[in-house]
>>> print(open('start.txt').read())   # compact mmCIF, C-alpha atoms
# COMPACT_ATOMS: atom_id res chain seq x y z
CA MET A 106 12.41 6.49 -1.18
CA ASN A 107 10.91 9.08 -3.50
CA ILE A 108 7.55 7.67 -4.64
CA MET A 109 5.22 9.07 -7.28
CA ILE A 110 1.60 7.87 -7.35
CA ALA A 111 -0.58 8.45 -10.40
CA GLY A 112 -4.20 8.51 -9.23
CA ALA A 113 -5.77 9.93 -6.07
CA GLY A 114 -8.75 7.58 -5.85
CA THR A 115 -9.34 5.05 -3.10
CA VAL A 116 -6.22 3.00 -3.87
CA GLY A 117 -3.98 6.01 -4.44
CA TYR A 118 -5.17 7.67 -1.25
CA SER A 119 -4.64 4.56 0.90
CA LEU A 120 -1.17 3.96 -0.56
CA ALA A 121 -0.17 7.59 0.00
CA GLN A 122 -1.45 7.43 3.58
CA THR A 123 0.59 4.31 4.37
CA LEU A 124 3.76 5.11 2.45
CA SER A 125 4.06 8.74 3.59
CA HIS A 126 5.15 7.61 7.07
CA LYS A 127 8.54 6.44 5.74
CA HIS A 128 8.87 7.89 2.23
CA ASP A 129 8.57 11.14 0.27
CA VAL A 130 5.36 10.86 -1.72
CA ILE A 131 3.92 12.84 -4.65
CA VAL A 132 0.36 12.16 -5.87
CA ILE A 133 -0.82 13.26 -9.31
CA ASP A 134 -4.46 13.57 -10.37
CA LYS A 135 -6.67 15.84 -12.50
CA ASP A 136 -9.40 15.88 -9.82
CA ILE A 137 -8.58 18.89 -7.67
CA HIS A 138 -11.08 17.89 -4.97
CA LYS A 139 -9.34 14.56 -4.39
CA LEU A 140 -5.97 16.29 -4.24
CA ASN A 141 -7.25 18.89 -1.76
CA LYS A 142 -8.46 16.10 0.53
CA LEU A 143 -5.09 14.38 0.32
CA ASP A 144 -3.28 17.64 0.99
CA GLU A 145 -5.42 18.28 4.07
CA ASP A 146 -5.18 14.74 5.50
CA ILE A 147 -1.62 13.65 4.73
CA ASP A 148 1.82 15.27 4.71
CA ILE A 149 2.65 14.76 1.02
CA MET A 150 3.09 16.73 -2.19
CA VAL A 151 0.22 16.88 -4.68
CA LEU A 152 0.37 17.73 -8.38
CA HIS A 153 -2.73 18.77 -10.31
CA GLY A 154 -2.75 17.48 -13.87
CA ASP A 155 -3.63 14.75 -16.35
CA ILE A 156 -1.29 11.75 -15.95
CA GLU A 157 -1.60 11.13 -19.72
CA ASN A 158 -0.33 14.62 -20.57
CA PRO A 159 3.48 15.10 -20.79
CA LYS A 160 3.11 18.73 -19.65
CA THR A 161 1.94 17.53 -16.22
CA TYR A 162 5.35 16.06 -15.40
CA GLN A 163 7.34 19.01 -16.76
CA SER A 164 6.44 21.08 -13.70
CA LEU A 165 8.20 18.58 -11.42
CA THR A 166 11.46 19.75 -9.87
CA LEU A 167 12.97 16.27 -9.38
CA ASP A 168 15.10 14.53 -12.01
CA GLU A 169 14.45 10.96 -10.85
CA THR A 170 12.15 8.91 -8.67
CA ASP A 171 12.67 5.55 -7.00
CA LEU A 172 9.16 4.28 -7.68
CA PHE A 173 6.27 5.20 -9.96
CA ILE A 174 2.87 3.63 -9.13
CA ALA A 175 -0.06 4.02 -11.54
CA VAL A 176 -3.39 3.12 -9.89
CA THR A 177 -6.20 5.00 -11.65
CA ASP A 178 -9.36 3.19 -12.80
CA SER A 179 -8.19 3.33 -16.41
CA ASP A 180 -5.82 0.67 -17.80
CA GLU A 181 -4.98 2.90 -20.74
CA ALA A 182 -4.10 5.86 -18.52
CA ASN A 183 -1.98 3.73 -16.22
CA LEU A 184 -0.03 2.14 -19.07
CA LEU A 185 0.49 5.41 -20.93
CA SER A 186 1.59 7.29 -17.81
CA THR A 187 4.43 4.81 -17.17
CA LEU A 188 5.76 5.67 -20.63
CA ILE A 189 5.20 9.44 -20.57
CA VAL A 190 6.71 10.06 -17.13
CA GLU A 191 10.09 8.73 -18.27
CA ASP A 192 10.35 11.54 -20.81
CA VAL A 193 10.83 13.92 -17.90
CA VAL A 194 11.82 11.86 -14.86
CA ALA A 195 14.19 8.90 -14.58
CA VAL A 196 12.17 6.07 -12.97
CA LYS A 197 13.97 3.20 -11.23
CA ARG A 198 10.92 0.94 -10.66
CA LYS A 199 7.35 0.90 -12.00
CA ILE A 200 4.24 -0.74 -10.54
CA ILE A 201 0.83 -0.70 -12.17
CA ARG A 202 -2.78 -1.66 -11.46
CA LEU A 203 -4.70 -3.25 -14.33
CA LYS A 204 -8.23 -4.58 -14.86
CA ASN A 205 -7.66 -6.44 -18.13
CA ASP A 206 -5.89 -9.70 -17.30
CA GLY A 207 -5.21 -10.19 -21.00
CA PHE A 208 -2.00 -8.26 -20.35
CA LEU A 209 -0.74 -11.27 -18.42
CA LYS A 210 -0.11 -13.05 -21.70
CA SER A 211 1.23 -10.07 -23.65
CA HIS A 212 4.71 -8.54 -23.78
CA VAL A 213 3.47 -5.00 -23.17
CA LEU A 214 4.49 -4.90 -19.51
CA GLU A 215 7.95 -6.21 -20.34
CA LYS A 216 8.40 -3.63 -23.11
CA LEU A 217 7.37 -0.84 -20.75
CA ALA A 218 9.82 -2.13 -18.11
CA ILE A 219 7.03 -2.50 -15.56
CA GLU A 220 8.37 -4.48 -12.61
CA TYR A 221 5.03 -5.56 -11.19
CA ALA A 222 1.40 -5.46 -12.31
CA VAL A 223 -1.45 -6.20 -9.94
CA PHE A 224 -4.72 -7.54 -11.38
CA PRO A 225 -7.07 -6.99 -8.41
CA ASP A 226 -10.21 -8.64 -9.81
CA LEU A 227 -8.28 -11.77 -10.73
CA THR A 228 -6.58 -11.83 -7.31
CA THR A 229 -9.95 -11.59 -5.55
CA ALA A 230 -11.42 -14.32 -7.76
CA ASN A 231 -8.51 -16.65 -6.95
CA LYS A 232 -8.92 -15.98 -3.21
CA VAL A 233 -12.56 -17.01 -3.45
CA LYS A 234 -11.59 -20.09 -5.46
CA ALA A 235 -9.11 -21.14 -2.76
CA LEU A 236 -12.01 -21.49 -0.32
CA PHE A 237 -13.38 -24.38 -2.39
CA THR A 238 -10.30 -26.52 -1.84
CA PHE A 239 -10.66 -25.89 1.89
CA PRO A 240 -14.39 -25.26 2.59
CA LYS A 241 -13.98 -24.70 6.34
CA ALA A 242 -11.45 -21.89 5.82
CA ASN A 243 -12.10 -18.19 6.29
CA ASN A 244 -9.02 -17.38 4.27
CA VAL A 245 -6.25 -19.27 2.49
CA LYS A 246 -2.81 -17.78 1.79
CA THR A 247 -0.23 -19.54 -0.37
CA PHE A 248 3.49 -18.84 -0.78
CA HIS A 249 5.88 -19.38 -3.66
CA GLN A 250 8.67 -20.51 -1.28
CA THR A 251 6.78 -23.46 0.24
CA LYS A 252 3.71 -25.70 -0.05
CA HIS A 253 2.76 -24.71 3.50
CA LYS A 254 -0.33 -22.54 3.74
CA LEU A 255 -1.69 -19.98 6.19
CA ILE A 256 -5.35 -20.80 6.81
CA SER A 257 -7.83 -19.25 9.23
CA ILE A 258 -10.61 -21.32 10.85
CA ARG A 259 -13.58 -20.10 12.88
CA VAL A 260 -13.96 -22.13 16.09
CA GLN A 261 -17.48 -23.59 16.07
CA TYR A 262 -17.46 -26.66 18.28
CA THR A 263 -19.82 -27.70 21.09
CA ASP A 264 -19.52 -25.94 24.45
CA GLU A 265 -18.29 -29.12 26.15
CA MET A 266 -15.18 -29.30 23.98
CA GLN A 267 -12.07 -27.20 24.57
CA TYR A 268 -8.45 -27.33 23.44
CA THR A 269 -5.24 -25.57 24.35
CA VAL A 270 -2.86 -24.45 21.63
CA GLY A 271 -0.28 -27.03 22.70
CA GLU A 272 -2.73 -29.92 22.31
CA LEU A 273 -3.19 -29.20 18.60
CA VAL A 274 0.22 -28.17 17.25
CA ASN A 275 3.06 -30.43 16.08
CA ALA A 276 5.94 -30.42 13.61
CA GLN A 277 3.48 -30.28 10.69
CA VAL A 278 1.29 -27.38 11.81
CA SER A 279 1.50 -24.39 14.13
CA ILE A 280 -1.11 -21.99 15.51
CA VAL A 281 0.42 -18.60 14.73
CA GLY A 282 -2.38 -16.25 15.69
CA ILE A 283 -5.85 -15.88 17.17
CA GLU A 284 -8.37 -13.11 16.57
CA ARG A 285 -10.67 -12.70 19.58
CA GLU A 286 -13.02 -9.83 20.42
CA LYS A 287 -11.64 -7.61 17.63
CA SER A 288 -8.02 -8.14 18.74
CA PHE A 289 -5.23 -10.25 17.24
CA PHE A 290 -2.58 -11.95 19.38
CA VAL A 291 0.05 -14.66 19.01
CA PRO A 292 -0.90 -17.38 21.55
CA GLN A 293 1.43 -19.33 23.82
CA ARG A 294 1.09 -23.13 24.01
CA GLU A 295 -0.90 -23.04 27.25
CA ARG A 296 -3.55 -20.62 25.94
CA THR A 297 -7.06 -22.05 25.65
CA ILE A 298 -8.90 -21.76 22.34
CA HIS A 299 -12.38 -20.29 22.78
CA LYS A 300 -15.54 -20.82 20.81
CA GLY A 301 -15.86 -17.97 18.29
CA ASP A 302 -12.09 -17.47 17.93
CA LEU A 303 -10.63 -17.10 14.47
CA VAL A 304 -7.55 -19.34 14.57
CA TYR A 305 -4.65 -18.93 12.12
CA LEU A 306 -2.82 -22.16 11.27
CA PHE A 307 0.41 -22.42 9.28
CA GLY A 308 1.51 -25.81 8.00
CA GLN A 309 0.83 -28.80 5.82
CA ILE A 310 -2.63 -28.87 4.30
CA ASP A 311 -3.58 -32.33 5.61
CA ALA A 312 -2.53 -31.44 9.15
CA ILE A 313 -4.54 -28.22 9.00
CA ARG A 314 -7.53 -30.13 7.66
CA GLU A 315 -7.38 -32.51 10.64
CA ILE A 316 -7.35 -29.64 13.15
CA ALA A 317 -10.12 -27.85 11.26
CA SER A 318 -12.40 -30.86 11.66
CA LYS A 319 -11.95 -30.55 15.45
CA LEU A 320 -12.41 -26.80 15.64
CA ASP A 321 -15.29 -26.33 13.19
CA GLU A 322 -18.34 -28.60 13.27
CA LYS A 323 -20.69 -26.29 11.38
CA MET A 324 -19.16 -25.35 8.02
CA PRO A 325 -19.82 -27.76 5.13
CA SER A 326 -17.03 -30.19 4.26
CA SER A 327 -17.84 -29.85 0.56
CA ILE A 328 -19.58 -27.26 -1.61
CA LYS A 329 -21.74 -28.07 -4.65
CA LYS A 330 -24.33 -25.28 -4.97
CA VAL A 331 -23.17 -21.65 -5.14
CA VAL A 332 -25.04 -18.35 -5.47
CA ILE A 333 -23.20 -15.19 -6.55
CA PHE A 334 -24.91 -11.85 -5.96
CA GLY A 335 -23.70 -9.58 -8.73
CA ALA A 336 -22.74 -10.07 -12.38
CA ASN A 337 -20.27 -7.18 -12.68
CA THR A 338 -16.77 -7.74 -14.04
CA LEU A 339 -15.48 -8.99 -10.67
CA ALA A 340 -18.41 -11.40 -10.23
CA GLN A 341 -17.82 -12.70 -13.75
CA LYS A 342 -14.17 -13.41 -12.94
CA ILE A 343 -15.18 -15.21 -9.74
CA ALA A 344 -17.69 -17.38 -11.63
CA LYS A 345 -15.16 -18.07 -14.40
CA ALA A 346 -12.53 -19.14 -11.85
CA LEU A 347 -15.01 -21.67 -10.42
CA LEU A 348 -16.05 -23.29 -13.70
CA ASP A 349 -13.57 -26.16 -13.33
CA LYS A 350 -15.00 -27.08 -9.90
CA LYS A 351 -18.12 -28.77 -11.35
CA LEU A 352 -20.48 -26.62 -9.30
CA GLU A 353 -24.08 -25.57 -9.75
CA ILE A 354 -23.72 -21.77 -9.96
CA LYS A 355 -26.44 -19.13 -10.02
CA MET A 356 -25.80 -15.40 -10.47
CA ILE A 357 -28.31 -12.77 -9.37
CA GLU A 358 -28.15 -9.33 -11.00
CA LYS A 359 -30.52 -6.38 -11.52
CA ASP A 360 -28.63 -4.78 -14.42
CA ILE A 361 -29.65 -6.46 -17.67
CA GLY A 362 -26.45 -5.23 -19.33
CA HIS A 363 -24.30 -7.00 -16.74
CA CYS A 364 -26.41 -10.14 -17.24
CA ARG A 365 -25.84 -10.13 -20.99
CA ARG A 366 -22.09 -9.61 -20.67
CA ALA A 367 -21.86 -12.32 -18.01
CA SER A 368 -23.74 -14.72 -20.26
CA GLU A 369 -21.25 -14.06 -23.09
CA VAL A 370 -18.19 -14.42 -20.85
CA LEU A 371 -19.44 -17.57 -19.10
CA GLN A 372 -20.84 -19.14 -22.30
CA GLY A 373 -24.04 -20.39 -20.73
CA LYS A 374 -22.25 -22.48 -18.09
CA VAL A 375 -23.82 -20.48 -15.23
CA THR A 376 -27.50 -19.78 -14.54
CA ILE A 377 -27.93 -15.99 -14.65
CA ILE A 378 -31.07 -14.54 -13.08
CA ASN A 379 -32.04 -10.98 -13.93
CA SER A 380 -34.00 -10.00 -10.82
CA ALA A 381 -36.06 -6.82 -10.76
CA HIS A 382 -36.41 -7.07 -6.99
CA ASP A 383 -33.65 -7.28 -4.44
CA ASP A 384 -35.07 -8.78 -1.26
CA GLU A 385 -35.47 -12.00 0.69
CA ARG A 386 -38.14 -13.33 -1.73
CA LEU A 387 -35.31 -14.43 -3.99
CA PHE A 388 -34.27 -17.11 -1.52
CA GLU A 389 -37.72 -18.70 -1.71
CA GLU A 390 -38.66 -18.09 -5.35
CA GLU A 391 -35.31 -18.99 -6.93
CA GLY A 392 -34.41 -21.81 -4.54
CA LEU A 393 -31.36 -19.97 -3.21
CA LYS A 394 -31.85 -21.25 0.33
CA SER A 395 -30.56 -24.67 -0.72
CA ALA A 396 -27.14 -23.20 -1.60
CA ASP A 397 -24.00 -24.41 0.18
CA MET A 398 -22.32 -21.04 -0.25
CA ILE A 399 -23.36 -17.45 -0.92
CA ILE A 400 -20.84 -15.01 -2.46
CA ALA A 401 -21.82 -11.34 -2.30
CA ALA A 402 -19.72 -9.63 -4.95
CA GLU A 403 -21.46 -6.28 -5.48
CA HIS A 404 -19.36 -3.10 -5.50
CA ASP A 405 -21.25 -1.89 -2.40
CA ASP A 406 -19.80 -3.31 0.84
CA GLU A 407 -22.99 -2.67 2.79
CA LYS A 408 -25.15 -4.53 0.26
CA ASN A 409 -22.77 -7.47 0.46
CA ILE A 410 -23.12 -7.57 4.25
CA VAL A 411 -26.94 -7.48 4.01
CA LYS A 412 -27.00 -10.36 1.54
CA CYS A 413 -24.80 -12.45 3.81
CA ILE A 414 -27.03 -11.73 6.81
CA GLU A 415 -30.11 -12.77 4.79
CA ALA A 416 -28.37 -15.99 3.76
CA LYS A 417 -27.46 -16.74 7.38
CA GLU A 418 -31.12 -16.36 8.34
CA TYR A 419 -31.97 -19.08 5.80
CA GLY A 420 -29.46 -21.43 7.40
CA ILE A 421 -26.64 -21.04 4.87
CA GLU A 422 -23.45 -21.30 6.95
CA LYS A 423 -20.83 -20.42 4.33
CA VAL A 424 -21.36 -16.78 3.40
CA VAL A 425 -18.64 -14.75 1.71
CA ALA A 426 -18.59 -10.96 1.32
CA VAL A 427 -16.23 -9.07 -0.97
CA ASN A 428 -15.08 -6.09 1.06
CA ASN A 429 -12.97 -2.97 0.46
CA ASP A 430 -13.59 -0.98 3.64
CA LYS A 431 -11.59 -2.09 6.70
CA ALA A 432 -14.20 -0.44 8.93
CA TYR A 433 -16.55 -3.38 8.28
CA TYR A 434 -13.98 -6.10 8.92
CA ASN A 435 -14.65 -6.70 12.63
CA LEU A 436 -18.42 -6.48 12.17
CA MET A 437 -18.41 -9.16 9.48
CA HIS A 438 -16.14 -11.48 11.44
CA LYS A 439 -18.37 -11.13 14.48
CA MET A 440 -21.36 -12.21 12.35
CA GLY A 441 -19.52 -15.22 10.96
CA VAL A 442 -19.11 -13.73 7.48
CA VAL A 443 -16.03 -14.77 5.49
CA VAL A 444 -14.27 -11.63 4.27
CA VAL A 445 -12.44 -11.57 0.95
CA ARG A 446 -10.52 -8.45 -0.02
CA GLY A 447 -12.19 -6.57 -2.84
CA SER A 448 -10.35 -5.17 -5.84
CA LYS A 449 -9.36 -1.88 -4.21
CA ALA A 450 -8.27 -3.36 -0.88
CA GLY A 451 -6.52 -6.18 -2.75
CA ALA A 452 -4.59 -3.73 -4.92
CA HIS A 453 -3.56 -1.72 -1.85
CA TYR A 454 -2.12 -4.70 0.03
CA ALA A 455 -0.58 -6.36 -3.04
CA ILE A 456 1.36 -3.19 -3.89
CA LEU A 457 2.45 -2.59 -0.29
CA GLU A 458 3.65 -6.18 0.03
CA LYS A 459 5.58 -5.91 -3.23
CA ILE A 460 7.28 -2.69 -2.11
CA SER A 461 8.12 -4.12 1.32
CA SER A 462 9.41 -7.46 0.02
CA SER A 463 12.80 -8.14 -1.53
CA SER A 464 14.47 -10.97 -3.43
CA ILE A 465 15.16 -12.79 -0.15
CA VAL A 466 12.41 -11.57 2.23
CA THR A 467 8.66 -11.75 1.60
CA GLN A 468 6.19 -9.72 3.62
CA ARG A 469 2.44 -10.42 3.84
CA HIS A 470 -0.48 -8.98 5.80
CA PHE A 471 -3.30 -11.02 7.28
CA CYS A 472 -6.17 -10.76 9.79
CA GLY A 473 -7.54 -7.72 7.98
CA GLY A 474 -4.17 -5.99 8.12
CA ASN A 475 -3.91 -6.44 11.91
CA ALA A 476 -1.10 -8.99 11.61
CA VAL A 477 2.01 -9.42 9.51
CA LEU A 478 4.34 -12.23 8.51
CA PHE A 479 7.87 -12.17 7.14
CA MET A 480 9.42 -15.11 5.32
CA ARG A 481 13.14 -15.43 4.52
CA LYS A 482 14.47 -18.38 2.53
CA ILE A 483 18.10 -19.47 2.73
CA TYR A 484 19.16 -19.61 -0.92
CA PRO A 485 22.40 -21.13 -2.29
CA HIS A 486 25.48 -19.05 -1.45
CA SER A 487 23.67 -17.29 1.40
CA GLU A 488 26.05 -16.02 4.08
CA LEU A 489 23.68 -17.50 6.70
CA ILE A 490 24.45 -21.13 5.72
CA GLY A 491 26.25 -22.81 8.62
CA LYS A 492 25.36 -20.04 11.07
CA SER A 493 22.98 -20.09 14.03
CA VAL A 494 20.37 -17.36 14.42
CA LYS A 495 19.51 -15.65 17.67
CA GLU A 496 15.81 -16.03 18.50
CA PHE A 497 13.49 -13.05 18.19
CA ARG A 498 12.04 -13.28 21.71
CA ARG A 499 8.74 -11.46 22.02
CA ASP A 500 5.44 -12.75 23.38
CA SER A 501 3.72 -10.95 20.53
CA ALA A 502 5.61 -12.87 17.81
CA ARG A 503 6.01 -16.50 16.70
CA VAL A 504 9.21 -17.56 14.91
CA GLN A 505 9.30 -20.88 13.04
CA LEU A 506 11.94 -22.54 10.93
CA LEU A 507 10.66 -24.61 8.04
CA ARG A 508 13.00 -27.41 6.96
CA GLU A 509 11.99 -30.15 4.53
CA GLU A 510 8.30 -29.34 5.14
CA MET A 511 8.61 -29.71 8.93
CA LEU A 512 8.37 -26.90 11.51
CA TYR A 513 10.94 -26.25 14.24
CA SER A 514 11.96 -23.48 16.61
CA LEU A 515 15.29 -21.84 15.81
CA SER A 516 16.83 -23.30 18.95
CA GLU A 517 16.00 -26.86 17.78
CA VAL A 518 17.97 -26.76 14.53
CA GLY A 519 21.29 -25.27 15.53
CA THR A 520 22.83 -23.96 12.31
CA LEU A 521 21.03 -23.03 9.09
CA VAL A 522 21.28 -25.01 5.86
CA GLN A 523 20.36 -24.24 2.27
CA GLY A 524 16.61 -24.39 1.71
CA ASP A 525 15.64 -23.43 5.27
CA ILE A 526 12.86 -20.87 5.56
CA ILE A 527 12.55 -18.56 8.56
CA VAL A 528 8.97 -17.40 9.13
CA ILE A 529 7.83 -14.93 11.76
CA PHE A 530 4.22 -14.00 12.59
CA ALA A 531 3.32 -10.98 14.72
CA GLU A 532 0.96 -8.14 15.50
CA LYS A 533 1.27 -5.28 13.00
CA GLU A 534 2.72 -3.00 15.70
CA LYS A 535 5.90 -5.13 15.67
CA LYS A 536 6.38 -4.77 11.92
CA GLU A 537 9.34 -2.38 11.93
CA GLU A 538 11.12 -4.21 14.73
CA ILE A 539 10.76 -7.55 12.92
CA GLU A 540 11.77 -6.01 9.61
CA GLN A 541 15.00 -4.80 11.21
CA TRP A 542 15.64 -8.24 12.77
CA ILE A 543 15.03 -10.40 9.70
CA TYR A 544 16.99 -8.23 7.26
CA THR A 545 20.03 -8.06 9.55
CA LEU A 546 20.34 -11.75 10.47
>>> encode(input="start.txt", output="structure tokens")
Amino acid sequence: MNIMIAGAGTVGYSLAQTLSHKHDVIVIDKDIHKLNKLDEDIDIMVLHGDIENPKTYQSLTLDETDLFIAVTDSDEANLLSTLIVEDVVAVKRKIIRLKNDGFLKSHVLEKLAIEYAVFPDLTTANKVKALFTFPKANNVKTFHQTKHKLISIRVQYTDEMQYTVGELVNAQVSIVGIEREKSFFVPQRERTIHKGDLVYLFGQIDAIREIASKLDEKMPSSIKKVVIFGANTLAQKIAKALLDKKLEIKMIEKDIGHCRRASEVLQGKVTIINSAHDDERLFEEEGLKSADMIIAAEHDDEKNIVKCIEAKEYGIEKVVAVNNDKAYYNLMHKMGVVVVRGSKAGAHYAILEKISSSSIVTQRHFCGGNAVLFMRKIYPHSELIGKSVKEFRRDSARVQLLREEMLYSLSEVGTLVQGDIIVIFAEKEKKEEIEQWIYTL
């Protein structure tokens, strides 16, 4: 595909880096330093200019592009660019990144023929909220095709206890991956689960909950008191998403302006503490050490890690760090910190998954991008109805067939029927091979 990206910031750079391996990419930005870095690091075209200025696009030699992605930090610039570019270039599909979730309820996106809009702050807030329905989880992924969920659990049981994969799985739940010592693998039934493993379970929520109680004896089974470090726009959205959970929420923020805006947005339903100091005294003086969960939602990844470490030292088991830099992922997991994708990382993966998915196949990343899953549902009139599917046989992949909320191997079901869902989990290195297999069934 020919892909045009408006914005060479963190999200634009990461998208260009990933997409350039298989597509022809052009990145547009008015910051020449960002473009020079892109030009040096990645084999793409760069165009210097203001994405809100029609003259910028007039220097392009192409008449059409398959995909236009607007990912600057400005909602106004992103929206306007999707309109202006079409004066010069025919655009088949448009994707946009937006901060203001008010556009969800407007008709602006429809009028601009924008296929997909990602609201990263809202996505991050909802990921944090999902942890409250499953307190022992490190991460919760939901799917529009099924009620089954993909949930990761940190193994924290006593040394005397030990399970194999086969002892825990059944037709309601499957163990589809394990992260151990910085590596992800798909385990066979005879593999032993070790203390400290991060185990990925796919299945019915009650079945996962039962296994979680065996694997994790440390995390709280319910959460009532929450502390959020930060009162920026993202932190406000996280707090707002949690208001219906009947929690005791405290927000800690140095910036008095952020505190005032948070107070207006949250209408006094959250205790907001404007702290002039930013150290461990807060845990004693403000009673933070009695919290069930700490959420570090600053824009600085390193500060978020430090806050989680401090909370751990005070005996708070459930610590959550908003993170945008993949370089910190393994470090945080090793320390028992729950990692939630920040706005920039969330936008990156959401857009990639949208581009890679189709009307019949959904693609998702998990385990910090180290693993991938593909999901294909058998819709009415599918040519696969009544046919059998040859198994994808690799030790590094797990194929499951979901039928009427029960899990089977492909060999167990014989032929496919309407409503079946084929799901495959694997290491990211197998992505292209699996993509070829699932699209050509």
>>> residues_around(input="start.txt", residues="stretch 196-211 of chain A", least_positions_apart="6", cutoff="6 Å", atoms="only C-alpha atoms", output="PyMOL selection string")
chain A and resi 169-176+180+219-224
>>> atom_distance(input="start.txt", atom1="atom CA of A:Lys319", atom2="atom CA of A:Ile258")
10.4 Å
>>> closest_residue(input="start.txt", among="A:Tyr433, A:Phe290, A:Tyr419, A:Phe334", to="A:Lys535", atoms="only C-alpha atoms")
A:Phe290
>>> closest_atom_pairs(input="start.txt", of="stretch 269-360 of chain A", to="stretch 457-479 of chain A", cutoff="12 Å", atoms="all atoms listed in the file", output="Markdown table")
| residue | atom | partner | partner_atom | distance |
| --- | --- | --- | --- | --- |
| A:Val281 | CA | A:Leu478 | CA | 9.7 |
| A:Gly282 | CA | A:Ala476 | CA | 8.4 |
| A:Ile283 | CA | A:Cys472 | CA | 9.0 |
| A:Glu284 | CA | A:Cys472 | CA | 7.5 |
| A:Arg285 | CA | A:Cys472 | CA | 10.9 |
| A:Lys287 | CA | A:Asn475 | CA | 9.7 |
| A:Ser288 | CA | A:Asn475 | CA | 8.2 |
| A:Phe289 | CA | A:Asn475 | CA | 6.7 |
| A:Phe290 | CA | A:Ala476 | CA | 8.4 |
| A:Val291 | CA | A:Ala476 | CA | 9.4 |
| A:Leu303 | CA | A:Cys472 | CA | 9.1 |
| A:Val304 | CA | A:Cys472 | CA | 9.9 |
| A:Tyr305 | CA | A:Cys472 | CA | 8.6 |
| A:Leu306 | CA | A:Phe471 | CA | 11.8 |
| A:Phe307 | CA | A:Leu478 | CA | 10.9 |
>>> residues_around(input="start.txt", residues="stretch 142-154 of chain A", least_positions_apart="5", cutoff="8 Å", atoms="all atoms listed in the file", output="list in words")
Ala113, Tyr118, Ala121, Gln122, Ser125, Asp129, Val130, Ile131, Val132, Ile133, Asp134, Lys135, Asp136, Ile137 and Thr161 of chain A
>>> atom_distance(input="start.txt", atom1="atom CA of A:Glu422", atom2="atom CA of A:Met324")
6.0 Å
>>> closest_residue(input="start.txt", among="A:Glu537, A:Glu517, A:Asp397, A:Glu403", to="A:Val504", atoms="all atoms listed in the file")
A:Glu517
>>> closest_residue(input="start.txt", among="A:Arg296, A:Lys431, A:Lys536, A:His438", to="A:Ala450", atoms="all atoms listed in the file")
A:Lys431
>>> closest_residue(input="start.txt", among="A:Ala344, A:Glu496, A:His249, A:Ile316", to="A:Leu273", atoms="only C-alpha atoms")
A:Ile316
>>> closest_residue(input="start.txt", among="A:Glu315, A:Lys492, A:Ile280, A:Pro485", to="A:Ala531", atoms="all atoms listed in the file")
A:Ile280
>>> closest_residue(input="start.txt", among="A:Ile378, A:Ile256, A:Leu320, A:Val233", to="A:Ile343", atoms="only C-alpha atoms")
A:Val233
>>> residues_around(input="start.txt", residues="A:Asp192", least_positions_apart="6", cutoff="10 Å", atoms="only C-alpha atoms", output="PyMOL selection string")
chain A and resi 159+162-163
>>> atom_distance(input="start.txt", atom1="atom CA of A:Ile354", atom2="atom CA of A:Val331")
4.9 Å
